[in-house]
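Colleague: Just dropping this structure here.
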Amino acid sequence: MFSLIAWVIASASTSRDPSIKLTAQPICGTCLSPPMPFSVRMVLMASHPLLFVIPTTSYQSLLGAPVYPPRPQRIVVFDRYIQYRSVAPKTVSHSRWERIFMHSGKDAVRSFVESVDVYRDDTADPTFLSADEVDTLQGRLLRDQIVRLRESSPYYSATLLDIDLPDQMSRHWLEQLPFTRKDDYQAAPERFRLHLESSNPYDRTWGLVHTTGTTTGEPTPFYDTGHDMLAYWQMLLRTCKIAGMTPDDVSVSVMPVPAMSHNAFISSRDACSVLNSPYIAAFVGTPQPEFPIHRRTDYALRLIERNQATVIWGIASYVRHLVMRGQELGTDMSSIRLVWALGEACPVPMREDLRERLASLGAAHDAIRINNGLGFTEMRGTFVECLELNGCHNPSPDLFIWEVVDEDSGRQVPDGSTGSLALTHLNRRGTALVRYLTGDTVAMTRESCVNCGRSGERILPQHESIYAARVSDWVKFKGVLLHPAPILAALAALTALTQYQVILSKSDTSDPYSMDRLVVRVAESTGDDDLRGRLQADVRQAVHAACEIRPDVEWVPASAIYDPDVSIKARRFLDERPHQEHGVT
Ligand SMILES: [Zn+2]
């Protein structure tokens, strides 16, 4: 096995020679246990389309269903110069996707699940239980997890020690417990790691990811054991299932290469791996001269074109930047049918803008789906849409209870009401949290979805098309509370805007006591003065309609607002007033 892995690595490293064609013989899948395949995978990711097949060894005793689908064992490596089109997975016609998506509804979703073996084999998928059955399952798992925390969590063992544990528990039992705040977790992340007295190798630490820290301070480590990784992969498979991906899809990820292990970069790769679907990491991101492996946007576009990618994974604002650059280059993006626009809000106008731009590059307009989940590092994944704006599903109700709460009373609010989102893990061995406030305001329902029939928590759209408003983004402006979400949604509706940014400033920047001022920075365009004048009027009118404030409009170079070589996300909202904490959306 070791010699085989060495051969694969050596072959990959020499494959820059276009005369070399890489293939691999079938290998024993059970050898692909952590951590060895990770190194192989990373080597291959850096330069090749990769179909990574996970072994059949299952873990049914703990998770109740096979994590690894029983599929033929194989690794296929394609040389990128000579074999792209000839050995790429079979070309998928749009009519297939239209069959999946144009006829949405419970029966269509069920038949779709039955048509894909890796989904059909996940017979314990709890999202297809009734709402009552999900409640019962979550209550049982919650009891087990609380017992585990009492014994093994330095942070929770004391607070949970004297609490009565009824035989039949439910999410309402949680209402008596205090919240865990981000500050608590960030101050001492090691205290949230379980110390299990176990000889089970799956209870050992497998790895960690970091929270982004962009809105809450320092990045914080979040640990996984082998057990948690299996649960995570299973959740990703269910995420793909809800979104309608299949093993025939070809993904290109433009998630940026992060400085630290970060969920967004890793989970797109792992989702495709567990789905047994071809995946290419474009390796975009901030260049590091010492190790020049980062690639440019233009290269990512060539990868999409050459491989006839059907799926793009990326941060919403970067995906838009990518597609706009594709329009400049005339890139063939006719095969794209699904865009994962993650990491930030992607309101309806932005979705429509993306769809129009992709259609201009050959994609079938009505078959393009933009999936905007609401994700968290502490979840290791994302809520996911079964249908655009039909709500965001919890893909694994057997891994989390999500509450929407009133922080003052500690009580859960009724379904459909807005409150603070709190996470409780149900089946974790690494870092585990109880009533953890994510910092987002959401509305949620537990009613079965009218589109797909799934149960479990589903987050509902707010402000027409945004799933969450960040609590910390509330600011005082001219003495009243102001939230950027409706302003940004209004600006996103102006598709003529290529880049924009909302700034809170002062009328005299040298005087902290002067009047507050709201400025919208707009990317300069080459249009004529009439166009510019109309756009300025539209911006002022849109912002006024959203918050009854008339903004000043400033024209700046697009790179002054968003430079993808510098930042993962576009910074759409900044508070530049003196003595104010800067808010970032
Ligand atoms: Zn649904």
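Naming works like this for the structure tokens: A, B, ... for the chains as they're shown, residue 1 at the start of each chain, ligands 1 onward in shown order.
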Using 10 Å as the limit and counting only C-alpha atoms and all ligand atoms, can you tabulate each residue of chain A that touches ligand 1, with its shortest atom-to-atom distance in Å and the two atoms involved, as JSON lines?
Modeller:
```
{"residue": "A:Ser104", "atom": "CA", "partner": "ligand 1", "partner_atom_place_in_ligand_line": "1 (Zn)", "distance": 9.6}
{"residue": "A:Gly105", "atom": "CA", "partner": "ligand 1", "partner_atom_place_in_ligand_line": "1 (Zn)", "distance": 8.6}
{"residue": "A:Lys106", "atom": "CA", "partner": "ligand 1", "partner_atom_place_in_ligand_line": "1 (Zn)", "distance": 8.6}
{"residue": "A:Val109", "atom": "CA", "partner": "ligand 1", "partner_atom_place_in_ligand_line": "1 (Zn)", "distance": 9.1}
{"residue": "A:Thr127", "atom": "CA", "partner": "ligand 1", "partner_atom_place_in_ligand_line": "1 (Zn)", "distance": 9.5}
{"residue": "A:Ile242", "atom": "CA", "partner": "ligand 1", "partner_atom_place_in_ligand_line": "1 (Zn)", "distance": 7.4}
{"residue": "A:Ala243", "atom": "CA", "partner": "ligand 1", "partner_atom_place_in_ligand_line": "1 (Zn)", "distance": 9.3}
{"residue": "A:Val384", "atom": "CA", "partner": "ligand 1", "partner_atom_place_in_ligand_line": "1 (Zn)", "distance": 8.9}
{"residue": "A:Glu385", "atom": "CA", "partner": "ligand 1", "partner_atom_place_in_ligand_line": "1 (Zn)", "distance": 6.7}
{"residue": "A:Cys386", "atom": "CA", "partner": "ligand 1", "partner_atom_place_in_ligand_line": "1 (Zn)", "distance": 4.6}
{"residue": "A:Leu387", "atom": "CA", "partner": "ligand 1", "partner_atom_place_in_ligand_line": "1 (Zn)", "distance": 6.6}
{"residue": "A:Glu388", "atom": "CA", "partner": "ligand 1", "partner_atom_place_in_ligand_line": "1 (Zn)", "distance": 9.6}
{"residue": "A:Leu389", "atom": "CA", "partner": "ligand 1", "partner_atom_place_in_ligand_line": "1 (Zn)", "distance": 9.9}
{"residue": "A:Asn390", "atom": "CA", "partner": "ligand 1", "partner_atom_place_in_ligand_line": "1 (Zn)", "distance": 6.7}
{"residue": "A:Gly391", "atom": "CA", "partner": "ligand 1", "partner_atom_place_in_ligand_line": "1 (Zn)", "distance": 7.1}
{"residue": "A:Cys392", "atom": "CA", "partner": "ligand 1", "partner_atom_place_in_ligand_line": "1 (Zn)", "distance": 7.7}
{"residue": "A:His393", "atom": "CA", "partner": "ligand 1", "partner_atom_place_in_ligand_line": "1 (Zn)", "distance": 6.6}
{"residue": "A:Asn394", "atom": "CA", "partner": "ligand 1", "partner_atom_place_in_ligand_line": "1 (Zn)", "distance": 9.9}
{"residue": "A:Ser448", "atom": "CA", "partner": "ligand 1", "partner_atom_place_in_ligand_line": "1 (Zn)", "distance": 7.8}
{"residue": "A:Cys449", "atom": "CA", "partner": "ligand 1", "partner_atom_place_in_ligand_line": "1 (Zn)", "distance": 4.6}
{"residue": "A:Val450", "atom": "CA", "partner": "ligand 1", "partner_atom_place_in_ligand_line": "1 (Zn)", "distance": 6.6}
{"residue": "A:Asn451", "atom": "CA", "partner": "ligand 1", "partner_atom_place_in_ligand_line": "1 (Zn)", "distance": 5.0}
{"residue": "A:Cys452", "atom": "CA", "partner": "ligand 1", "partner_atom_place_in_ligand_line": "1 (Zn)", "distance": 4.1}
{"residue": "A:Gly453", "atom": "CA", "partner": "ligand 1", "partner_atom_place_in_ligand_line": "1 (Zn)", "distance": 6.0}
{"residue": "A:Arg454", "atom": "CA", "partner": "ligand 1", "partner_atom_place_in_ligand_line": "1 (Zn)", "distance": 5.6}
{"residue": "A:Ser455", "atom": "CA", "partner": "ligand 1", "partner_atom_place_in_ligand_line": "1 (Zn)", "distance": 8.2}
{"residue": "A:Gly456", "atom": "CA", "partner": "ligand 1", "partner_atom_place_in_ligand_line": "1 (Zn)", "distance": 10.0}
{"residue": "A:Arg458", "atom": "CA", "partner": "ligand 1", "partner_atom_place_in_ligand_line": "1 (Zn)", "distance": 8.2}
```
Colleague: Between atom CA of Glu548 of chain A and atom CA of Leu460 of chain A, what distance in Å does the model show, to one decimal?
Modeller: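 These two atoms are separated by 25.7 Å.
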Colleague: Can you work out which one of A:Asp117, A:Glu190, A:Asp167, A:Glu403 has the shortest atom-to-atom distance to Tyr223 of chain A, counting only C-alpha atoms?
Modeller: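 Looking at the shortest contact to Tyr223 of chain A, the residue is A:Glu190.
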Colleague: Just list as number ranges by chain whatever in segment 216-414 of chain A DSSP marks as strand (DSSP E or B).
Modeller: A: 221-225, 251-253, 262, 279-281, 311-315, 338-342, 369-371, 375-376, 381-382, 384-385, 392-393, 400-405, 412
Colleague: When you count only C-alpha atoms, which of these residues is closest to Glu447 of chain A: A:Met350, A:Val134, A:Ile163, A:Leu497?
Modeller: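 Comparing A:Met350, A:Val134, A:Ile163, A:Leu497 against Glu447 of chain A, the winner is A:Val134.
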Colleague: What parts of segment 320-418 of chain A does DSSP call helix (DSSP H, G or I)? I'd like the answer as a PyMOL selection string.
Modeller: chain A and resi 320-329+348-360+365-367+377-379
